[in-house]
$ cat run_2.cif   # mmCIF, C-alpha atoms
data_structure
loop_
_atom_site.group_PDB
_atom_site.id
_atom_site.type_symbol
_atom_site.label_atom_id
_atom_site.label_comp_id
_atom_site.auth_asym_id
_atom_site.auth_seq_id
_atom_site.Cartn_x
_atom_site.Cartn_y
_atom_site.Cartn_z
ATOM 1 C CA MET A 9 56.388 -94.785 88.698
ATOM 2 C CA LYS A 10 55.235 -91.599 86.969
ATOM 3 C CA GLU A 11 58.093 -91.994 84.478
ATOM 4 C CA PHE A 12 56.510 -95.187 83.071
ATOM 5 C CA GLU A 13 53.031 -93.712 82.644
ATOM 6 C CA ALA A 14 53.690 -92.383 79.125
ATOM 7 C CA TYR A 15 55.327 -95.632 78.086
ATOM 8 C CA ASP A 16 52.420 -97.702 79.419
ATOM 9 C CA LYS A 17 49.902 -95.481 77.593
ATOM 10 C CA MET A 18 51.849 -95.738 74.324
ATOM 11 C CA MET A 19 52.122 -99.543 74.588
ATOM 12 C CA ALA A 20 48.418 -99.875 75.409
ATOM 13 C CA GLU A 21 47.545 -97.854 72.291
ATOM 14 C CA TYR A 22 49.898 -99.993 70.201
ATOM 15 C CA TYR A 23 48.408 -103.280 71.430
ATOM 16 C CA ASP A 24 44.897 -101.948 70.738
ATOM 17 C CA THR A 25 45.838 -101.538 67.037
ATOM 18 C CA ILE A 26 47.070 -105.091 66.434
ATOM 19 C CA PRO A 27 44.978 -108.257 66.427
ATOM 20 C CA ALA A 28 45.377 -110.294 69.586
ATOM 21 C CA LEU A 29 47.652 -113.292 69.293
ATOM 22 C CA VAL A 30 45.651 -115.797 71.276
ATOM 23 C CA LEU A 31 46.746 -119.392 71.328
ATOM 24 C CA PRO A 32 43.950 -121.881 70.753
ATOM 25 C CA LEU A 33 43.066 -124.034 73.709
ATOM 26 C CA SER A 34 44.265 -127.114 71.828
ATOM 27 C CA SER A 35 47.850 -125.830 71.881
ATOM 28 C CA TRP A 36 47.732 -125.668 75.668
ATOM 29 C CA GLU A 37 46.338 -129.206 75.747
ATOM 30 C CA PHE A 38 49.190 -130.306 73.470
ATOM 31 C CA TYR A 39 51.730 -128.698 75.776
ATOM 32 C CA GLY A 40 50.090 -130.138 78.871
ATOM 33 C CA GLU A 41 49.966 -133.650 77.443
ATOM 34 C CA HIS A 42 53.633 -133.610 76.466
ATOM 35 C CA ASN A 43 54.661 -131.999 79.720
ATOM 36 C CA TRP A 44 52.831 -134.787 81.583
ATOM 37 C CA LEU A 45 54.458 -137.405 79.326
ATOM 38 C CA PHE A 46 57.990 -136.114 79.920
ATOM 39 C CA ASN A 47 57.344 -135.856 83.639
ATOM 40 C CA SER A 48 56.101 -139.467 83.636
ATOM 41 C CA PHE A 49 59.218 -140.591 81.745
ATOM 42 C CA LYS A 50 61.413 -138.833 84.310
ATOM 43 C CA ASN A 51 59.569 -140.364 87.261
ATOM 44 C CA ASP A 52 59.616 -143.831 85.678
ATOM 45 C CA LEU A 53 63.327 -143.600 84.796
ATOM 46 C CA ASP A 54 64.203 -142.404 88.307
ATOM 47 C CA PHE A 55 62.312 -145.287 89.899
ATOM 48 C CA LEU A 56 63.629 -147.836 87.402
ATOM 49 C CA GLY A 57 67.155 -146.616 88.122
ATOM 50 C CA LYS A 58 66.655 -147.525 91.779
ATOM 51 C CA ILE A 59 65.206 -150.953 90.993
ATOM 52 C CA THR A 60 67.856 -151.877 88.433
ATOM 53 C CA LYS A 61 70.887 -150.686 90.409
ATOM 54 C CA LYS A 62 71.866 -154.234 91.447
ATOM 55 C CA TRP A 63 70.933 -155.933 88.191
ATOM 56 C CA ASP A 64 73.310 -157.513 85.748
ATOM 57 C CA PHE A 65 71.227 -156.472 82.748
ATOM 58 C CA GLU A 66 72.058 -154.463 79.647
ATOM 59 C CA ASN A 67 70.452 -151.106 80.290
ATOM 60 C CA ILE A 68 68.069 -150.673 77.364
ATOM 61 C CA ILE A 69 65.343 -149.260 79.595
ATOM 62 C CA HIS A 70 65.783 -145.625 78.518
ATOM 63 C CA LYS A 71 65.674 -146.616 74.837
ATOM 64 C CA GLU A 72 62.586 -148.788 75.292
ATOM 65 C CA LEU A 73 60.656 -146.285 77.410
ATOM 66 C CA VAL A 74 61.525 -142.972 75.774
ATOM 67 C CA HIS A 75 62.351 -143.833 72.169
ATOM 68 C CA ASN A 76 60.208 -146.919 71.560
ATOM 69 C CA LYS A 77 57.469 -145.791 73.990
ATOM 70 C CA SER A 78 57.240 -149.319 75.389
ATOM 71 C CA VAL A 79 55.342 -150.117 78.539
ATOM 72 C CA ILE A 80 57.755 -151.643 81.050
ATOM 73 C CA VAL A 81 56.472 -154.269 83.465
ATOM 74 C CA ILE A 82 58.701 -155.791 86.136
ATOM 75 C CA THR A 83 57.720 -158.884 88.101
ATOM 76 C CA ASN A 84 59.365 -160.680 90.969
ATOM 77 C CA THR A 85 60.378 -164.333 90.641
ATOM 78 C CA ASP A 86 56.851 -165.370 91.671
ATOM 79 C CA LEU A 87 55.571 -163.446 88.619
ATOM 80 C CA GLU A 88 53.774 -160.774 90.654
ATOM 81 C CA ILE A 89 54.010 -157.310 89.133
ATOM 82 C CA VAL A 90 56.224 -155.079 91.269
ATOM 83 C CA TYR A 91 56.413 -152.122 88.884
ATOM 84 C CA ALA A 92 54.696 -150.849 85.742
ATOM 85 C CA THR A 93 55.444 -147.615 83.935
ATOM 86 C CA HIS A 94 52.775 -144.933 83.789
ATOM 87 C CA ASN A 95 52.098 -145.481 80.085
ATOM 88 C CA ILE A 96 50.485 -148.828 80.916
ATOM 89 C CA GLU A 97 47.257 -146.926 81.502
ATOM 90 C CA LYS A 98 47.139 -145.694 77.911
ATOM 91 C CA MET A 99 47.703 -149.224 76.583
ATOM 92 C CA SER A 100 45.544 -151.286 78.943
ATOM 93 C CA GLY A 101 43.270 -148.906 80.821
ATOM 94 C CA TYR A 102 44.790 -150.024 84.133
ATOM 95 C CA SER A 103 46.810 -147.597 86.240
ATOM 96 C CA PRO A 104 50.167 -148.821 87.555
ATOM 97 C CA GLU A 105 48.676 -149.000 91.059
ATOM 98 C CA GLU A 106 45.934 -151.356 89.840
ATOM 99 C CA VAL A 107 48.383 -153.939 88.470
ATOM 100 C CA ILE A 108 50.954 -153.991 91.301
ATOM 101 C CA GLY A 109 50.822 -157.308 93.152
ATOM 102 C CA LYS A 110 48.909 -159.060 90.362
ATOM 103 C CA SER A 111 50.047 -161.534 87.745
ATOM 104 C CA PRO A 112 50.431 -160.489 84.095
ATOM 105 C CA LYS A 113 47.814 -163.178 83.455
ATOM 106 C CA MET A 114 45.271 -160.503 84.393
ATOM 107 C CA PHE A 115 45.587 -159.270 80.791
ATOM 108 C CA GLN A 116 44.768 -162.659 79.273
ATOM 109 C CA GLY A 117 41.401 -164.040 78.325
ATOM 110 C CA GLU A 118 39.408 -166.196 75.975
ATOM 111 C CA LYS A 119 41.065 -164.858 72.790
ATOM 112 C CA SER A 120 44.628 -165.148 74.144
ATOM 113 C CA ASP A 121 46.349 -167.890 72.132
ATOM 114 C CA SER A 122 47.186 -170.932 74.286
ATOM 115 C CA LYS A 123 50.220 -171.828 72.133
ATOM 116 C CA THR A 124 51.684 -168.365 72.682
ATOM 117 C CA LEU A 125 50.996 -168.639 76.406
ATOM 118 C CA LYS A 126 52.935 -171.931 76.422
ATOM 119 C CA VAL A 127 55.869 -170.252 74.666
ATOM 120 C CA ILE A 128 55.924 -167.594 77.396
ATOM 121 C CA SER A 129 55.556 -170.135 80.205
ATOM 122 C CA SER A 130 58.265 -172.376 78.793
ATOM 123 C CA ALA A 131 60.714 -169.464 78.410
ATOM 124 C CA ILE A 132 60.039 -168.369 81.989
ATOM 125 C CA ASP A 133 60.545 -171.932 83.271
ATOM 126 C CA ARG A 134 63.886 -172.108 81.413
ATOM 127 C CA GLN A 135 64.741 -168.535 82.501
ATOM 128 C CA GLU A 136 65.258 -167.484 78.878
ATOM 129 C CA PRO A 137 64.229 -164.369 76.945
ATOM 130 C CA PHE A 138 61.162 -164.497 74.722
ATOM 131 C CA GLU A 139 59.429 -162.339 72.142
ATOM 132 C CA VAL A 140 55.781 -162.873 71.202
ATOM 133 C CA SER A 141 52.620 -161.110 70.136
ATOM 134 C CA ILE A 142 49.428 -162.021 71.952
ATOM 135 C CA VAL A 143 45.846 -160.830 72.284
ATOM 136 C CA ASN A 144 45.460 -159.101 75.642
ATOM 137 C CA TYR A 145 42.460 -157.562 77.355
ATOM 138 C CA LYS A 146 42.043 -153.991 78.545
ATOM 139 C CA LYS A 147 40.262 -152.961 81.706
ATOM 140 C CA ASP A 148 37.093 -152.318 79.666
ATOM 141 C CA LYS A 149 37.323 -155.921 78.320
ATOM 142 C CA SER A 150 38.207 -154.823 74.774
ATOM 143 C CA THR A 151 41.166 -156.580 73.157
ATOM 144 C CA TYR A 152 44.467 -155.401 71.741
ATOM 145 C CA VAL A 153 47.452 -157.175 70.262
ATOM 146 C CA CYS A 154 50.418 -156.821 72.582
ATOM 147 C CA HIS A 155 53.975 -157.360 71.390
ATOM 148 C CA ILE A 156 56.078 -158.496 74.364
ATOM 149 C CA LYS A 157 59.836 -158.815 74.738
ATOM 150 C CA GLY A 158 60.507 -160.521 78.075
ATOM 151 C CA PHE A 159 63.786 -161.149 79.854
ATOM 152 C CA PRO A 160 64.905 -162.857 83.055
ATOM 153 C CA VAL A 161 66.999 -160.525 85.209
ATOM 154 C CA ARG A 162 69.854 -161.631 87.429
ATOM 155 C CA ASP A 163 71.774 -159.801 90.092
ATOM 156 C CA LYS A 164 75.533 -159.334 89.800
ATOM 157 C CA ARG A 165 76.086 -162.745 91.455
ATOM 158 C CA GLY A 166 73.949 -164.496 88.827
ATOM 159 C CA LYS A 167 70.857 -165.109 90.971
ATOM 160 C CA LEU A 168 67.467 -164.666 89.269
ATOM 161 C CA VAL A 169 65.810 -161.634 90.886
ATOM 162 C CA ASN A 170 63.150 -160.341 88.472
ATOM 163 C CA TYR A 171 61.609 -160.555 85.043
ATOM 164 C CA ILE A 172 61.218 -157.503 82.832
ATOM 165 C CA ALA A 173 58.946 -157.101 79.828
ATOM 166 C CA PHE A 174 58.847 -154.372 77.212
ATOM 167 C CA GLU A 175 55.370 -154.197 75.743
ATOM 168 C CA GLN A 176 53.773 -152.326 72.865
ATOM 169 C CA ALA A 177 50.285 -152.385 71.441
ATOM 170 C CA ALA A 178 50.648 -153.617 67.880
#
$ encode --input "run_2.cif" --output "structure tokens"
Amino acid sequence: MKEFEAYDKMMAEYYDTIPALVLPLSSWEFYGEHNWLFNSFKNDLDFLGKITKKWDFENIIHKELVHNKSVIVITNTDLEIVYATHNIEKMSGYSPEEVIGKSPKMFQGEKSDSKTLKVISSAIDRQEPFEVSIVNYKKDKSTYVCHIKGFPVRDKRGKLVNYIAFEQAA
């Protein structure tokens, strides 16, 4: 390694003469946040691919999750949440694990419009798609307006198997 000694010394002297190019901490936070986001998208898309394999449903999931940044909530036919994408936490304050097994009604409260709730209920009873905006409640009890596009999902034989909703804070 003697042959590199002169080179190392020369490079050390050179780097001592130039100002250090140090990235601000915020750039690392930016990278980390986006790295986490892309990793979450990948994990969500992988899991959603498994769930939706037997569905007869136009696959708009990638577009809604990645491009529109929608929260995706899937319920069973009893309207219990079976899956929620990781970005639900940013919108509602609840982690996906906290909403699994619960009804989407957990997001409703005093300021949620009863007429809008009837529109949703009626569409679900008729197994039809719906699109509404409603006041929802976060984990900390603050409110947000949630735009929801909901769809019944059938298997390839036509049997109702799930409901899916694409949600965005308005």
$ resolve_selection --input "run_2.cif" --expression "the PyMOL selection byres ((chain A and resi 150) around 12)" --output "PyMOL selection string"
chain A and resi 99-101+115-119+143-149+151-153
$ resolve_selection --input "run_2.cif" --expression "the PyMOL selection byres ((chain A and resi 162) around 9)" --output "number ranges by chain"
A: 62-65, 160-161, 163-171
$ write_last_selection --input "run_2.cif" --atoms "C-alpha atoms" --output "mmCIF file, keeping the file's coordinate frame"
data_model
loop_
_atom_site.group_PDB
_atom_site.id
_atom_site.type_symbol
_atom_site.label_atom_id
_atom_site.label_comp_id
_atom_site.auth_asym_id
_atom_site.auth_seq_id
_atom_site.Cartn_x
_atom_site.Cartn_y
_atom_site.Cartn_z
ATOM 1 C CA LYS A 62 71.866 -154.234 91.447
ATOM 2 C CA TRP A 63 70.933 -155.933 88.191
ATOM 3 C CA ASP A 64 73.310 -157.513 85.748
ATOM 4 C CA PHE A 65 71.227 -156.472 82.748
ATOM 5 C CA PRO A 160 64.905 -162.857 83.055
ATOM 6 C CA VAL A 161 66.999 -160.525 85.209
ATOM 7 C CA ASP A 163 71.774 -159.801 90.092
ATOM 8 C CA LYS A 164 75.533 -159.334 89.800
ATOM 9 C CA ARG A 165 76.086 -162.745 91.455
ATOM 10 C CA GLY A 166 73.949 -164.496 88.827
ATOM 11 C CA LYS A 167 70.857 -165.109 90.971
ATOM 12 C CA LEU A 168 67.467 -164.666 89.269
ATOM 13 C CA VAL A 169 65.810 -161.634 90.886
ATOM 14 C CA ASN A 170 63.150 -160.341 88.472
ATOM 15 C CA TYR A 171 61.609 -160.555 85.043
#
$ axis_aligned_box --input "run_2.cif" --around "range 171-175 of chain A" --padding-each-side "8 Å" --output "lines of an AutoDock Vina configuration file"
center_x = 58.5
center_y = -157.4
center_z = 80.4
size_x = 22.2
size_y = 22.4
size_z = 25.3
$ residues_around --input "run_2.cif" --residues "Leu73 in chain A" --least-positions-apart "6" --cutoff "12 Å" --atoms "all atoms listed in the file" --output "list in words"
Leu45, Phe46, Ser48, Phe49, Lys50, Asn51, Asp52, Leu53, Leu56, Asn67, Val79, Ile80, Val81, Ala92, Thr93, His94, Asn95, Ile96, Ala173, Phe174, Glu175 and Gln176 of chain A
$ atom_distance --input "run_2.cif" --atom1 "CA of Gly158 in chain A" --atom2 "CA of Ile82 in chain A"
9.5 Å
$ atom_distance --input "run_2.cif" --atom1 "CA of Lys126 in chain A" --atom2 "CA of Glu106 in chain A"
25.5 Å
$ resolve_selection --input "run_2.cif" --expression "the PyMOL selection byres ((chain A and resi 86) around 10)" --output "number ranges by chain"
A: 83-85, 87-89, 111, 169-171
$ closest_residue --input "run_2.cif" --among "A:Tyr91, A:Thr60, A:Ala131, A:Thr124" --to "Ile108 in chain A" --atoms "only C-alpha atoms"
A:Tyr91
$ atom_distance --input "run_2.cif" --atom1 "CA of Ser120 in chain A" --atom2 "CA of Ile156 in chain A"
13.2 Å
$ closest_residue --input "run_2.cif" --among "A:Gly57, A:Pro104, A:Gly109, A:Pro137" --to "Lys157 in chain A" --atoms "only C-alpha atoms"
A:Pro137
$ closest_residue --input "run_2.cif" --among "A:Ile68, A:Val90, A:Ser129, A:Ser122" --to "Lys110 in chain A" --atoms "all atoms listed in the file"
A:Val90
